[in-house]
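Participant: Below is the file data-v8.txt, which contains compact mmCIF, C-alpha atoms.
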# COMPACT_ATOMS: atom_id res chain seq x y z
CA MET A 18 71.38 74.42 113.25
CA ALA A 19 73.35 76.69 115.53
CA LYS A 20 73.85 80.19 114.31
CA ILE A 21 77.31 81.39 113.42
CA HIS A 22 79.04 83.65 115.91
CA VAL A 23 80.90 86.48 114.17
CA GLU A 24 83.23 89.04 115.74
CA THR A 25 83.84 92.21 113.80
CA THR A 26 84.69 95.83 114.33
CA ILE A 27 81.93 98.13 113.13
CA ASN A 28 82.60 101.85 113.04
CA GLY A 29 85.48 101.32 115.44
CA ASP A 30 83.49 99.35 117.98
CA PRO A 31 84.05 95.65 118.58
CA THR A 32 80.74 94.10 117.52
CA GLU A 33 79.56 90.52 117.77
CA PHE A 34 76.52 89.04 116.13
CA LEU A 35 74.89 85.73 115.32
CA CYS A 36 73.87 84.95 111.76
CA GLU A 37 72.78 82.17 109.45
CA ALA A 38 75.31 81.06 106.85
CA HIS A 39 73.23 82.42 103.98
CA GLN A 40 72.54 85.85 105.47
CA SER A 41 74.05 88.82 103.71
CA LEU A 42 75.97 91.51 105.53
CA SER A 43 73.35 94.11 104.57
CA GLU A 44 70.62 91.96 106.09
CA VAL A 45 72.53 91.53 109.33
CA LEU A 46 73.47 95.21 109.55
CA ARG A 47 69.85 96.22 109.20
CA GLU A 48 67.92 93.42 110.87
CA GLU A 49 70.25 92.21 113.60
CA LEU A 50 72.28 95.32 114.39
CA ASN A 51 69.64 97.96 113.65
CA LEU A 52 72.04 99.91 111.48
CA PHE A 53 69.37 101.07 109.05
CA GLY A 54 71.59 103.65 107.37
CA THR A 55 72.77 100.92 105.03
CA LYS A 56 70.03 100.70 102.40
CA GLU A 57 69.05 97.72 100.32
CA GLY A 58 68.06 98.58 96.77
CA CYS A 59 68.50 95.85 94.20
CA THR A 60 70.16 93.15 96.37
CA THR A 61 72.10 92.07 93.29
CA GLY A 62 75.10 94.39 93.44
CA ASP A 63 73.92 96.79 90.77
CA CYS A 64 72.76 99.88 92.68
CA GLY A 65 75.37 100.47 95.40
CA ALA A 66 72.82 101.62 98.01
CA CYS A 67 74.18 99.00 100.43
CA THR A 68 77.80 100.13 100.02
CA VAL A 69 79.95 99.78 103.14
CA ILE A 70 83.71 99.90 103.61
CA LEU A 71 85.05 96.43 104.40
CA ASP A 72 88.71 96.33 105.45
CA GLY A 73 89.39 99.53 103.55
CA ARG A 74 87.56 98.69 100.33
CA ILE A 75 84.02 99.52 99.31
CA VAL A 76 81.75 96.53 98.76
CA CYS A 77 78.08 95.92 98.14
CA SER A 78 77.07 94.51 101.52
CA CYS A 79 74.21 92.63 99.81
CA LEU A 80 76.84 90.51 98.03
CA VAL A 81 78.86 89.75 101.16
CA LEU A 82 77.91 86.92 103.47
CA ALA A 83 77.78 88.21 107.03
CA ALA A 84 79.75 85.14 108.10
CA GLU A 85 82.60 86.22 105.82
CA THR A 86 83.24 89.29 107.94
CA GLN A 87 84.73 87.41 110.91
CA GLY A 88 87.69 89.51 112.06
CA CYS A 89 86.93 92.28 109.57
CA SER A 90 86.61 96.00 110.06
CA ILE A 91 83.40 97.48 108.67
CA GLU A 92 82.49 101.13 108.26
CA THR A 93 78.88 102.10 107.69
CA ILE A 94 77.23 105.50 107.24
CA GLU A 95 76.53 105.59 110.98
CA GLY A 96 80.28 105.91 111.58
CA VAL A 97 80.94 108.76 109.16
CA ALA A 98 79.84 111.76 111.23
CA ASP A 99 81.81 112.67 114.34
CA GLY A 100 78.98 112.73 116.87
CA GLU A 101 76.76 115.64 115.88
CA LYS A 102 79.39 117.03 113.55
CA LEU A 103 78.79 115.98 109.98
CA HIS A 104 81.61 114.75 107.76
CA PRO A 105 82.66 117.31 105.10
CA LEU A 106 81.11 115.08 102.45
CA GLN A 107 77.80 115.06 104.29
CA GLU A 108 77.95 118.87 104.55
CA ALA A 109 78.80 119.15 100.88
CA PHE A 110 75.93 116.87 99.85
CA LEU A 111 73.55 119.13 101.79
CA GLU A 112 75.04 122.36 100.42
CA ASN A 113 74.96 121.11 96.85
CA ALA A 114 71.50 119.55 97.12
CA ALA A 115 73.11 116.30 96.08
CA LEU A 116 70.22 114.26 97.39
CA GLN A 117 66.46 114.12 97.25
CA CYS A 118 64.98 110.87 98.51
CA GLY A 119 68.24 109.91 100.20
CA ILE A 120 68.17 106.17 99.60
CA CYS A 121 71.36 106.20 97.56
CA THR A 122 73.11 108.78 99.74
CA PRO A 123 74.78 106.57 102.38
CA GLY A 124 76.32 104.48 99.62
CA PHE A 125 77.51 107.53 97.72
CA ILE A 126 79.01 109.09 100.86
CA LEU A 127 80.94 105.94 101.76
CA ALA A 128 82.13 105.37 98.20
CA ALA A 129 83.22 109.01 97.88
CA LYS A 130 84.91 108.95 101.28
CA ASN A 131 86.87 105.87 100.28
CA LEU A 132 87.85 107.52 97.00
CA LEU A 133 89.14 110.67 98.69
CA GLU A 134 91.10 108.62 101.21
CA ARG A 135 92.85 106.88 98.33
CA ASN A 136 93.02 109.78 95.93
CA PRO A 137 92.68 113.21 97.58
CA ASP A 138 92.56 115.05 94.26
CA PRO A 139 90.53 112.99 91.78
CA SER A 140 89.56 114.31 88.37
CA GLU A 141 85.88 114.52 87.47
CA HIS A 142 86.46 111.51 85.23
CA GLU A 143 87.93 109.52 88.13
CA ILE A 144 85.05 110.51 90.41
CA ARG A 145 82.45 109.45 87.86
CA TYR A 146 84.11 106.09 87.22
CA TRP A 147 84.65 105.41 90.92
CA LEU A 148 80.98 106.13 91.62
CA ALA A 149 79.63 104.24 88.60
CA GLY A 150 78.42 101.47 90.90
CA ASN A 151 76.19 103.86 92.83
CA LEU A 152 72.89 104.65 91.17
CA CYS A 153 70.78 107.72 91.89
CA ARG A 154 67.31 108.09 90.44
CA CYS A 155 66.48 111.57 91.81
CA THR A 156 69.04 114.28 91.32
CA GLY A 157 71.15 112.68 88.69
CA TYR A 158 74.85 112.76 89.17
CA ASP A 159 76.10 116.29 88.52
CA LYS A 160 75.31 117.60 91.98
CA ILE A 161 76.80 114.53 93.60
CA VAL A 162 79.98 114.86 91.59
CA ARG A 163 80.17 118.58 92.42
CA ALA A 164 79.81 117.82 96.13
CA VAL A 165 82.72 115.39 95.96
CA GLN A 166 84.79 117.88 93.95
CA GLN A 167 84.07 120.57 96.54
CA VAL A 168 85.39 118.44 99.37
CA ALA A 169 88.44 117.43 97.36
CA ALA A 170 89.18 121.09 96.65
CA ILE A 171 89.10 122.21 100.29
CA ARG A 172 91.28 119.36 101.53
CA MET B 7 65.04 76.40 99.44
CA SER B 8 67.17 74.55 101.92
CA THR B 9 66.26 75.33 105.49
CA SER B 10 69.73 75.46 106.98
CA SER B 11 73.12 76.21 105.61
CA HIS B 12 76.69 75.85 106.74
CA PHE B 13 79.63 78.16 106.32
CA THR B 14 83.18 76.83 106.43
CA VAL B 15 86.51 78.58 106.11
CA PRO B 16 89.13 76.00 105.15
CA GLN B 17 92.73 77.03 105.68
CA THR B 18 94.28 74.54 103.27
CA ILE B 19 93.55 73.17 99.80
CA GLU B 20 93.24 69.67 101.26
CA GLU B 21 90.58 70.82 103.70
CA ALA B 22 88.68 72.68 100.99
CA THR B 23 88.70 69.87 98.45
CA ALA B 24 87.67 67.36 101.14
CA LEU B 25 84.65 69.54 101.93
CA LEU B 26 83.78 69.96 98.25
CA LEU B 27 84.05 66.22 97.70
CA ARG B 28 82.03 65.31 100.77
CA HIS B 29 79.16 67.66 100.01
CA GLY B 30 79.22 67.48 96.21
CA PRO B 31 76.76 69.76 94.43
CA ALA B 32 75.36 70.93 97.80
CA ALA B 33 78.61 72.84 98.36
CA ARG B 34 79.54 76.06 96.61
CA VAL B 35 82.89 77.78 96.63
CA VAL B 36 82.81 81.35 97.90
CA SER B 37 85.58 83.57 96.68
CA GLY B 38 84.37 87.11 95.99
CA GLY B 39 80.78 85.88 95.95
CA THR B 40 79.70 88.48 93.41
CA ASP B 41 78.13 85.94 91.07
CA LEU B 42 77.15 83.36 93.68
CA MET B 43 75.16 85.84 95.78
CA VAL B 44 73.29 87.07 92.71
CA GLN B 45 72.46 83.50 91.69
CA VAL B 46 71.08 82.86 95.15
CA ARG B 47 68.84 85.94 94.87
CA ILE B 48 67.63 85.04 91.41
CA THR B 49 66.94 81.38 92.11
CA GLY B 50 65.69 81.95 95.66
CA SER B 51 67.64 78.93 96.83
CA TYR B 52 70.91 78.93 98.68
CA PRO B 53 73.54 76.22 98.92
CA GLU B 54 73.68 73.97 101.94
CA HIS B 55 77.40 74.48 102.27
CA TYR B 56 79.32 77.67 101.62
CA VAL B 57 83.06 76.96 101.40
CA ASP B 58 84.96 80.23 101.75
CA ILE B 59 88.31 79.49 100.13
CA LYS B 60 89.84 82.96 100.15
CA HIS B 61 91.88 82.48 103.32
CA ILE B 62 93.91 79.66 101.77
CA PRO B 63 97.40 81.00 100.99
CA ASP B 64 97.66 79.16 97.64
CA VAL B 65 94.74 81.05 96.10
CA ASN B 66 96.25 84.43 97.00
CA VAL B 67 99.73 84.14 95.51
CA ILE B 68 101.27 86.56 93.06
CA ASP B 69 104.46 84.65 92.44
CA TRP B 70 106.85 85.60 89.61
CA GLN B 71 108.67 82.46 88.48
CA ALA B 72 111.43 82.14 85.88
CA ASP B 73 109.14 81.64 82.90
CA HIS B 74 105.64 82.20 84.24
CA LEU B 75 103.54 84.04 86.75
CA LEU B 76 101.62 81.99 89.28
CA LEU B 77 98.54 84.06 90.01
CA GLY B 78 96.14 82.98 92.75
CA ALA B 79 92.55 82.42 91.69
CA ALA B 80 91.09 84.44 94.58
CA VAL B 81 93.09 87.65 94.30
CA PRO B 82 90.46 90.42 93.97
CA CYS B 83 90.51 92.48 90.78
CA ALA B 84 91.15 95.65 92.80
CA VAL B 85 94.35 94.10 94.13
CA LEU B 86 95.38 92.99 90.64
CA SER B 87 94.98 96.45 89.21
CA GLU B 88 97.14 97.94 91.98
CA GLN B 89 100.14 95.79 90.98
CA GLU B 90 102.33 97.85 88.66
CA ASP B 91 104.38 94.84 87.58
CA LEU B 92 101.22 93.00 86.58
CA ARG B 93 100.05 95.97 84.55
CA ASP B 94 103.46 96.29 82.89
CA ASN B 95 103.66 92.61 81.96
CA PHE B 96 100.04 91.81 81.20
CA PRO B 97 98.26 95.04 80.28
CA GLY B 98 95.53 93.13 78.45
CA LEU B 99 94.72 90.91 81.40
CA ILE B 100 94.50 93.93 83.68
CA GLU B 101 92.30 95.73 81.14
CA ALA B 102 89.94 92.77 81.27
CA ALA B 103 90.00 92.46 85.07
CA GLU B 104 89.27 96.16 85.50
CA LEU B 105 86.19 95.94 83.29
CA ILE B 106 84.35 93.60 85.64
CA GLY B 107 81.61 95.49 87.44
CA SER B 108 81.82 98.56 89.62
CA THR B 109 84.42 99.67 92.14
CA GLN B 110 82.45 97.74 94.74
CA ILE B 111 82.52 94.58 92.62
CA GLN B 112 86.22 95.06 91.87
CA SER B 113 86.92 94.83 95.59
CA ARG B 114 85.64 91.27 95.60
CA ALA B 115 85.52 89.76 92.12
CA THR B 116 88.29 87.31 91.22
CA LEU B 117 89.74 85.64 88.12
CA GLY B 118 88.89 82.21 89.50
CA GLY B 119 85.29 83.23 90.00
CA ASN B 120 85.06 84.82 86.57
CA LEU B 121 86.25 81.54 85.05
CA CYS B 122 84.15 79.16 87.16
CA ASN B 123 80.97 81.20 86.73
CA ALA B 124 81.37 80.05 83.13
CA SER B 125 79.60 82.94 81.45
CA PRO B 126 80.32 83.14 77.71
CA ALA B 127 80.84 86.88 78.28
CA ALA B 128 83.44 86.65 81.08
CA ASP B 129 86.02 89.35 80.36
CA THR B 130 89.11 87.75 81.81
CA VAL B 131 88.65 84.41 80.08
CA PRO B 132 89.52 85.57 76.52
CA ALA B 133 92.36 87.62 78.01
CA LEU B 134 93.77 84.53 79.75
CA MET B 135 93.21 82.44 76.61
CA ALA B 136 95.22 84.93 74.56
CA LEU B 137 98.03 84.51 77.09
CA ASP B 138 97.82 80.71 76.80
CA ALA B 139 97.33 80.45 80.55
CA GLU B 140 97.12 77.15 82.36
CA VAL B 141 94.74 76.60 85.22
CA VAL B 142 95.96 74.84 88.34
CA ILE B 143 93.14 72.64 89.61
CA ALA B 144 93.28 70.88 92.95
CA GLY B 145 91.36 67.79 93.98
CA GLN B 146 91.73 65.14 96.61
CA GLN B 147 94.11 63.23 94.35
CA GLY B 148 96.45 66.20 93.98
CA SER B 149 96.63 68.94 91.41
CA ARG B 150 96.53 69.02 87.64
CA ASN B 151 97.20 71.76 85.14
CA VAL B 152 94.68 72.30 82.37
CA ASN B 153 94.79 74.84 79.57
CA ILE B 154 92.24 77.60 80.10
CA THR B 155 90.56 76.68 76.82
CA ASP B 156 89.51 73.33 78.32
CA ILE B 157 87.76 74.56 81.46
CA VAL B 158 84.45 76.06 80.40
CA THR B 159 82.30 73.48 78.58
CA GLY B 160 79.17 75.57 78.04
CA PRO B 161 77.20 78.42 79.61
CA GLY B 162 77.38 77.82 83.37
CA SER B 163 79.27 74.54 83.17
CA THR B 164 82.93 73.61 83.62
CA ALA B 165 85.17 70.56 83.32
CA LEU B 166 85.86 70.60 87.04
CA ALA B 167 84.96 67.33 88.75
CA ILE B 168 83.14 67.17 92.07
CA GLY B 169 85.68 67.95 94.78
CA GLU B 170 87.91 70.02 92.51
CA MET B 171 88.64 73.73 92.72
CA VAL B 172 90.65 76.27 90.76
CA VAL B 173 93.72 77.32 92.75
CA ALA B 174 95.76 79.53 90.44
CA PHE B 175 96.72 80.47 86.91
CA ARG B 176 100.10 79.79 85.34
CA ILE B 177 100.66 82.56 82.84
CA PRO B 178 103.71 82.46 80.56
CA LEU B 179 105.77 85.62 80.96
CA PRO B 180 105.94 87.97 77.98
CA THR B 181 109.12 87.78 75.94
CA ALA B 182 110.83 90.73 74.27
CA GLY B 183 108.48 91.87 71.53
CA SER B 184 105.33 90.31 72.90
CA ALA B 185 102.30 92.07 74.35
CA ASP B 186 98.64 91.48 75.08
CA ALA B 187 95.48 93.56 74.89
CA TYR B 188 91.80 93.14 75.66
CA GLN B 189 88.85 95.17 74.51
CA ARG B 190 85.14 94.67 74.74
CA PHE B 191 82.03 96.37 73.51
CA ILE B 192 79.15 97.27 75.81
CA PRO B 193 76.25 99.63 75.11
CA ARG B 194 77.38 102.09 77.82
CA THR B 195 80.76 103.16 79.18
CA GLU B 196 80.72 101.18 82.44
CA MET B 197 78.99 98.42 84.30
CA ASP B 198 77.67 96.02 81.71
CA ILE B 199 78.35 92.61 80.26
CA ALA B 200 80.39 92.17 77.10
CA VAL B 201 78.48 92.08 73.82
CA VAL B 202 81.79 91.04 72.29
CA GLY B 203 85.18 90.72 73.99
CA VAL B 204 88.49 90.17 72.22
CA GLY B 205 91.83 89.18 73.75
CA VAL B 206 94.97 89.30 71.65
CA ASN B 207 98.57 88.39 72.39
CA VAL B 208 101.22 88.88 69.71
CA THR B 209 104.98 88.50 69.49
CA ILE B 210 107.09 90.32 66.92
CA ASP B 211 110.75 89.83 66.10
CA GLY B 212 113.40 92.50 65.49
CA SER B 213 112.29 93.04 61.92
CA GLY B 214 108.67 93.56 62.90
CA THR B 215 107.45 90.18 61.70
CA CYS B 216 104.84 88.48 63.84
CA THR B 217 106.20 85.19 65.17
CA ALA B 218 103.31 84.19 67.45
CA ALA B 219 99.71 85.32 67.84
CA ARG B 220 96.67 84.21 69.76
CA VAL B 221 93.27 85.79 69.33
CA ALA B 222 90.45 84.78 71.69
CA LEU B 223 86.82 85.78 71.29
CA GLY B 224 84.27 86.15 74.07
CA ALA B 225 80.46 86.43 74.05
CA VAL B 226 80.12 85.26 70.45
CA ALA B 227 79.76 81.52 71.08
CA PRO B 228 78.58 79.25 73.94
CA THR B 229 82.09 79.58 75.39
CA ALA B 230 84.97 81.93 74.80
CA PHE B 231 87.40 80.34 72.34
CA VAL B 232 90.74 80.82 70.64
CA ALA B 233 90.24 81.73 66.99
CA GLU B 234 93.21 79.65 65.83
CA GLU B 235 92.88 80.62 62.18
CA VAL B 236 93.12 84.31 63.00
CA GLY B 237 96.35 83.75 64.90
CA GLU B 238 97.70 81.70 61.99
CA MET B 239 96.86 84.51 59.58
CA LEU B 240 98.82 87.00 61.69
CA VAL B 241 101.96 84.86 62.09
CA GLY B 242 104.50 85.66 59.40
CA SER B 243 102.87 88.99 58.60
CA ASP B 244 104.11 92.43 59.61
CA LEU B 245 100.80 93.11 61.36
CA SER B 246 100.09 95.94 58.96
CA ASP B 247 96.76 97.69 59.23
CA SER B 248 95.54 95.91 56.12
CA THR B 249 96.45 92.51 57.60
CA LEU B 250 94.50 93.41 60.71
CA VAL B 251 91.47 94.33 58.60
CA ASP B 252 91.58 90.82 57.11
CA ALA B 253 92.04 89.32 60.57
CA GLY B 254 88.92 91.12 61.74
CA LYS B 255 86.91 89.74 58.84
CA LEU B 256 88.12 86.22 59.54
CA ALA B 257 87.29 86.54 63.25
CA ALA B 258 83.78 87.70 62.36
CA ALA B 259 83.36 84.65 60.11
CA LEU B 260 84.44 82.36 62.96
CA ALA B 261 82.07 83.90 65.49
CA ARG B 262 78.87 81.97 66.23
CA PRO B 263 76.88 84.58 68.12
CA ILE B 264 73.28 84.56 69.25
CA SER B 265 70.83 87.46 69.28
CA ASP B 266 69.77 88.74 72.68
CA ARG B 267 68.78 92.01 74.29
CA ARG B 268 72.36 93.29 74.10
CA GLY B 269 72.63 92.85 70.37
CA THR B 270 71.67 90.80 67.35
CA ALA B 271 73.92 88.08 65.97
CA GLU B 272 74.61 90.26 62.93
CA PHE B 273 75.62 93.19 65.13
CA ARG B 274 77.90 90.94 67.16
CA ARG B 275 79.64 89.76 63.99
CA ASP B 276 80.23 93.36 62.93
CA ILE B 277 81.58 94.23 66.35
CA THR B 278 83.80 91.14 66.34
CA GLU B 279 85.38 92.39 63.13
CA VAL B 280 86.00 95.89 64.45
CA LEU B 281 87.19 94.86 67.90
CA THR B 282 89.54 92.18 66.59
CA ARG B 283 91.17 94.76 64.34
CA ARG B 284 91.44 97.35 67.10
CA THR B 285 92.61 94.98 69.82
CA ALA B 286 95.21 93.41 67.56
CA ALA B 287 96.46 96.90 66.69
CA LEU B 288 96.72 97.76 70.37
CA ALA B 289 98.68 94.57 71.13
CA ARG B 290 100.89 95.18 68.10
CA ASP B 291 101.68 98.75 69.13
CA ARG B 292 102.53 97.61 72.64
CA ALA B 293 104.73 94.82 71.29
CA ARG B 294 106.55 97.28 69.03
CA ALA B 295 107.10 99.62 71.97
CA ARG B 296 108.55 96.75 73.99
CA GLY B 297 110.61 95.18 71.22
Step by step, read the file and then write its structure as structure tokens.
Facilitator:
Amino acid sequence: MAKIHVETTINGDPTEFLCEAHQSLSEVLREELNLFGTKEGCTTGDCGACTVILDGRIVCSCLVLAAETQGCSIETIEGVADGEKLHPLQEAFLENAALQCGICTPGFILAAKNLLERNPDPSEHEIRYWLAGNLCRCTGYDKIVRAVQQVAAIR
Amino acid sequence: MSTSSHFTVPQTIEEATALLLRHGPAARVVSGGTDLMVQVRITGSYPEHYVDIKHIPDVNVIDWQADHLLLGAAVPCAVLSEQEDLRDNFPGLIEAAELIGSTQIQSRATLGGNLCNASPAADTVPALMALDAEVVIAGQQGSRNVNITDIVTGPGSTALAIGEMVVAFRIPLPTAGSADAYQRFIPRTEMDIAVVGVGVNVTIDGSGTCTAARVALGAVAPTAFVAEEVGEMLVGSDLSDSTLVDAGKLAAALARPISDRRGTAEFRRDITEVLTRRTAALARDRARARG
């Protein structure tokens, strides 16, 4: 069975890959494209660690077939910083100690980035609901929410 | 586990239904994939044929007709909740759609998928039942319209034949003085599956008398169902708070819940009573505001 040839744009770069029909996007990002910033936690869409931005919307990449992304634009954590310069959300997560083990962090950063692009001034309530699909088992959520609020405030 | 799998992106209904017919149970429809992908993980076995239907124009329509809305089965919930006219006309349906999963899931999950996954706890199914929606089903022989109450036949099973797929929903437009609502109970504030879900649609006339009512219950029987007797009790009444208390009691008596880790059968009956009362009150208040 020939593999499926998929053409996408990942973090602004035209990217082609070959995949099996059943392979998830998270699997292909990590195992074929070596983009290990996307984490796999539950692989059932509950934890949000594998969150990427697919055509402008956040998705759990474990619940997306890689083959579905033909022609799509994908943003992963690797595309968030501008070279060596961290994104304001990444800075704010560091400043607020909004991470410990870091497994959930790429998903939180992408989800929060997508929120602020849609809603530059979210309430705490809106932040917490938007991020409800991202689970953290280290810091809890207050520091994460404060980091997002800090970036919203300076924008 | 099958050793190889195929992925197809049909561009037309005819192409899709031909694929589904040819491959039978070996083919699975991919829309948002949020249930399918989880099933694959849990069972450890993936379908031989993935048929990605979401690029077919017919399953993406949001088409306001004279007396009904034609709503494509594969429109993601996130897109639904961004449509102000949908929210204005069908606040209950949007309430239900927005309750499905996280923001990430909302980006992908669809009404067609929620229906065809055939969970007794599907949120949008009681909401669509309350609205008396029809389901447009396509097969190789053409399309047929089936009331939403006749689709799900039991947990995980539907009345769709091999080679058929859900294309869209035909939802009657609200009239002056009618409004819908949906509420569910879960043990936390977000991200869980309904312990009980209640969809209500009521119509009131100029004097405040209820002229039509449908109450649908989810997660309290093998399938969601319309509690006909509750609707009948409401029609002709003024939907006073005391009437709604009685309606809640009747709904609880009609529920046939099971006990599971989310709640005992007794708890589900209690919640059915409370949620029916509250959801009916919400629909009533919206209908009064519209009328």
Participant: Between CA of Arg135 in chain A and CA of Ser37 in chain B, what is the spacing in Å?
Facilitator: 24.5 Å
Participant: Can you tell me how far CA of Leu82 in chain A sits from CA of Ala24 in chain B, in Å to one decimal?
Facilitator: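 Answer for the CA of Leu82 in chain A to CA of Ala24 in chain B separation: 22.0 Å.
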Participant: Just checking: using all atoms listed in the file, which residue out of A:Gly100, A:Gly73, A:Pro139, A:Gly119 ends up closest to Val165 in chain A?
Facilitator: A:Pro139
Participant: When you look at Asn151 in chain A with a cut-off of 7 Å (counting only C-alpha atoms), what residues show up, excluding the ones that are within fewer than 5 positions of it in the same chain? I need them as a PyMOL selection string.
Facilitator: chain A and resi 64-66+124-125
Participant: Counting only C-alpha atoms, which residues of chain A fall within 8 Å of chain B, and what is the closest atom pair for each with its distance in Å at one decimal, ordered by chain and rising number, as a Markdown table?
Facilitator:
| residue | atom | partner | partner_atom | distance |
| --- | --- | --- | --- | --- |
| A:Met18 | CA | B:Ser10 | CA | 6.6 |
| A:Glu37 | CA | B:Ser11 | CA | 7.1 |
| A:Ala38 | CA | B:Phe13 | CA | 5.2 |
| A:His39 | CA | B:Ser11 | CA | 6.4 |
| A:Thr60 | CA | B:Arg47 | CA | 7.5 |
| A:Thr61 | CA | B:Val44 | CA | 5.2 |
| A:Gly62 | CA | B:Ile111 | CA | 7.5 |
| A:Gly65 | CA | B:Gln110 | CA | 7.6 |
| A:Thr68 | CA | B:Gln110 | CA | 7.4 |
| A:Arg74 | CA | B:Ser113 | CA | 6.1 |
| A:Ile75 | CA | B:Gln110 | CA | 5.1 |
| A:Val76 | CA | B:Gln110 | CA | 4.3 |
| A:Cys77 | CA | B:Gln110 | CA | 5.8 |
| A:Cys79 | CA | B:Met43 | CA | 8.0 |
| A:Leu80 | CA | B:Met43 | CA | 5.4 |
| A:Val81 | CA | B:Gly39 | CA | 6.8 |
| A:Ala84 | CA | B:Phe13 | CA | 7.2 |
| A:Glu85 | CA | B:Asp58 | CA | 7.6 |
| A:Tyr146 | CA | B:Glu196 | CA | 7.6 |
| A:Trp147 | CA | B:Thr109 | CA | 5.9 |
| A:Leu148 | CA | B:Thr109 | CA | 7.3 |
| A:Ala149 | CA | B:Ser108 | CA | 6.2 |
| A:Gly150 | CA | B:Ser108 | CA | 4.7 |
Participant: Residues at most 9 Å from His74 in chain B, counting all atoms listed in the file, excluding those fewer than 3 positions away in the same chain, as a list in words?
Facilitator: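 In the requested format, the answer is Asp69, Trp70, Gln71, Arg176, Ile177, Pro178, Leu179 and Pro180 of chain B.
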Participant: Would you list the residues near (85.9, 85.9, 59.7) (no more than 12 Å away, in the coordinates of the file, using only C-alpha atoms) as a list in words?
Facilitator: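 Counting only C-alpha atoms, I find these residues within 12 Å of (85.9, 85.9, 59.7): Leu223, Ala233, Glu234, Glu235, Val236, Gly237, Met239, Leu250, Val251, Asp252, Ala253, Gly254, Lys255, Leu256, Ala257, Ala258, Ala259, Leu260, Ala261, Arg262, Arg275, Asp276, Ile277, Thr278, Glu279, Val280, Thr282 and Arg283 of chain B.
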Participant: Skip range 136-146 of chain B itself and residues of its chain fewer than 2 positions away, then list as a list of chain:residue names all residues within 6 Å of it, counting only C-alpha atoms.
Facilitator: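 Returned residues: B:Thr23, B:Ala133, B:Leu134, B:Gly148, B:Ser149, B:Arg150, B:Asn151, B:Val152, B:Asn153, B:Ile154, B:Gly169, B:Glu170, B:Met171, B:Val172, B:Val173, B:Ala174, B:Phe175, B:Arg176, B:Ile177, B:Gly205, B:Val206, B:Asn207, B:Arg220, B:Val221, B:Ala222.
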Participant: Do you have the CA of Ala227 in chain B-CA of Leu105 in chain B distance handy?
Facilitator: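 CA of Leu105 in chain B lies 20.0 Å from CA of Ala227 in chain B.
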Participant: Given only C-alpha atoms as the basis, pick out the residue of B:Ala33, B:Ala286, B:Cys83, B:Leu121 nearest to Glu104 in chain B.
Facilitator: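 Checking each of B:Ala33, B:Ala286, B:Cys83, B:Leu121 against Glu104 in chain B, counting only C-alpha atoms, the winner is B:Cys83.
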Participant: Go through A:Ala83, A:Ala114, A:Cys153, A:Ile70 one by one, measure the shortest atom-to-atom distance of each to Leu132 in chain A using all atoms listed in the file, and give the residue with the smallest value.
Facilitator: A:Ile70
Participant: Quick one: residues within 8 Å of Arg294 in chain B, all atoms listed in the file counted, chain neighbours fewer than 5 positions away excluded, as an NGL selection string?
Facilitator: :B and (183 or 210 or 214)
Participant: Within 12 Å of (90.8, 122.5, 99.4), in the coordinates the file gives, what residues turn up when you count all atoms listed in the file, written out as a ChimeraX atom specification?
Facilitator: /A:105,133,137-138,165-172
Participant: Find the residues near Ile27 in chain A: any atom within 7 Å, counting all atoms listed in the file, skip ones fewer than 2 places away on the same chain, and give them as number ranges by chain.
Facilitator: A: 25, 29-32, 90-92
